[in-house]
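Working notes, beginning with the structure itself.
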Amino acid sequence: MSDLFNKLLILRTPGIGPAKYSELVAKFGSVDAAADALGRDTAIRDAVMREMECADKLHIYYICDTDEFYPANLREIKNHPPVITARGNLHTLTRAAVAIVGTRHATAAGMGFVAALAQVFAENGCAVVSGMAMGTDTAAHRGALRAAGDAQTIAVVAGGVDYIWPLENESLYWDIVARGVIISEMPVGFVPKSTNFVQRNRWVAGIGEKLILGEADLNSGSMATARFAAQYGRQIYAIPSHPADSRGMGPNSLIQSGAAKLCMGPRDFFDNNEKS
């Protein structure tokens with residue numbers, strides 16, 4: 001309790017993120033010493049206590065990067081979140097994972113393809129990771145949930161794990177809580193800002209062993225997620241789309257440049273001994 005409290009005390013101090021957190025702990029030699037060095041701001045301490053009490057009431061868990069449920073791939077990334085919150089089935093975080101992302105404005109055909117692909121991954125014991133946005137993300141989560149059993153999908157959100165966004169995905173949110181897991185690095189109750197979505201994309205890319213890009217514009221958040229995946233040394237696949245459609249520019253450009261392998265369907269992953 002004390003160790004977690006002090007970690008949150010550091011992370012909830014304005015201006016401190018994962019990188020600064022690591023610097024402070026290294027400088028002072030321990031989490032406790034770093035927390036003491038920041039002083040005893042009563043307002044921050046009270047806010048952390050309220051957050052932890054709220055998390056307990058909502059059955060939200062804190063997972064430190066030293067815990068068994070912390071995603072192994074995420075732990076390997078420099079300046080990963082020292083503490084994440086989770087709501088749902090924590091065992092989902094211990095499974096092999098594939099990230100599937102794409103535009104919010106996906107075509108019906110594109111979403112159908114993604115959903116079918118996600119279902120096959122889930123049926124083969126792989127958790128599908130996405131950002132719970134409309135369009136491609138929703139199709140990925142829904143497709144994974146078609147598979148029997150639990151621990152099928154991971155939603156990485158930009159706000160607190162109790163903050164449902166977009167509101168149109170409220171039913172999906174509760175389905176994931178029941179049969180997968182929602183995670184975030186942000187405080188419980190936090191309402192996201194635009195910059196938080198960029199950071200969310202980093203962790204989506206980091207958790208997956210592979211990243212599959214669906215329909216996406218060239219300058220989209222999904223393309224940024226693909227770039228993060230490349231930085232982390234992940235295998236990247238792209239689903240081709242019609243060249244006259246701007247939503248095909250992202251995946252088509254990655255295939256053309258050789259930055260991504262061509263994804264034609266489940267056979268690319270499960271008929272060639274490349275199971276996740």
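Residues are referred to by chain and number: the chain letter is A, B, ... according to the order shown in the structure tokens, the number counts from 1 in that chain, and ligands are numbered separately from 1 in the order shown.
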Quiz item: If you count only C-alpha atoms, which residues fall within 12 Å of range 33-35 of chain A, apart from same-chain ones fewer than 6 positions away, as a list in words?
Solution: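 Listed by chain and then number, they are Ser2, Asp3, Leu4, Phe5, Asn6, Lys7, Leu8, Leu9, Ile10, Leu11, Arg12, Thr13, Ile16, Lys20, Tyr21, Ser22, Glu23, Leu24, Val25, Ala26, Lys27, Asp41, Ile44 and Arg45 of chain A.
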Quiz item: Any idea what's packed within 9 Å of Thr92 in chain A, counting only C-alpha atoms, ignoring anything in its chain fewer than 4 positions away? Could you give it as a list of chain:residue names?
Solution: A:Phe69, A:Gly88, A:Ala96, A:Ala127, A:Asp150, A:Ala151, A:Gln152, A:Thr153, A:Ile154, A:Arg179, A:Gly180, A:Val181
Write a file of the just-selected residues containing C-alpha atoms, as a PDB file, in the first residue's frame.
```
ATOM      1  CA  PHE A  69       0.180  -8.915 -14.708  1.00  0.00           C
ATOM      2  CA  GLY A  88     -11.638  -6.385 -16.110  1.00  0.00           C
ATOM      3  CA  ALA A  96       0.338 -13.067 -26.424  1.00  0.00           C
ATOM      4  CA  ALA A 127      -5.406 -11.044 -27.173  1.00  0.00           C
ATOM      5  CA  ASP A 150     -12.619 -14.760 -21.826  1.00  0.00           C
ATOM      6  CA  ALA A 151      -9.403 -12.698 -21.942  1.00  0.00           C
ATOM      7  CA  GLN A 152      -9.861 -11.946 -25.643  1.00  0.00           C
ATOM      8  CA  THR A 153      -9.140  -8.247 -26.005  1.00  0.00           C
ATOM      9  CA  ILE A 154      -7.291  -5.304 -24.429  1.00  0.00           C
ATOM     10  CA  ARG A 179     -14.482 -10.580 -21.105  1.00  0.00           C
ATOM     11  CA  GLY A 180     -11.244  -8.658 -21.541  1.00  0.00           C
ATOM     12  CA  VAL A 181      -9.565  -5.696 -19.873  1.00  0.00           C
TER      13      VAL A 181
END
```
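Distances from A:Ile236, A:Leu218, A:Ala155, A:Leu58 to Ser253 in chain A were compared using only C-alpha atoms, and the smallest one belongs to A:Leu218.
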Practice problem: From a DSSP pass on the backbone, collect the residues of range 17-128 of chain A flagged as strand (DSSP E or B) and hand them back as a ChimeraX atom specification. | Solution: /A:61-64,83-88,96-101,126-128
Exercise. Write out as a PyMOL selection string each polymer residue whose atoms come within 9 Å of Ala226 in chain A, counting only C-alpha atoms; drop sequence neighbours fewer than 2 positions from it.
Key: chain A and resi 101+201+205+211-213+221-224+228-231+236
Exercise. Return the single residue from A:Ser184, A:Gln199, A:Thr103, A:Thr138 that is closest to Met249 in chain A, with distances computed using only C-alpha atoms.
Key: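 Ranked by minimum distance to Met249 in chain A, first place goes to A:Thr103.
Using only C-alpha atoms, the contacts of range 157-172 of chain A at a cut-off of 7 Å, with sequence neighbours closer than 4 positions omitted, comprise Thr85, Ala86, Arg87, Gly131, Met132, Ala133, Ile176, Ile182, Ile183, Ser184, Met186, Pro187, Val188, Gly189, Phe190, Val191, Pro192, Asn196, Phe197 and Arg200 of chain A.
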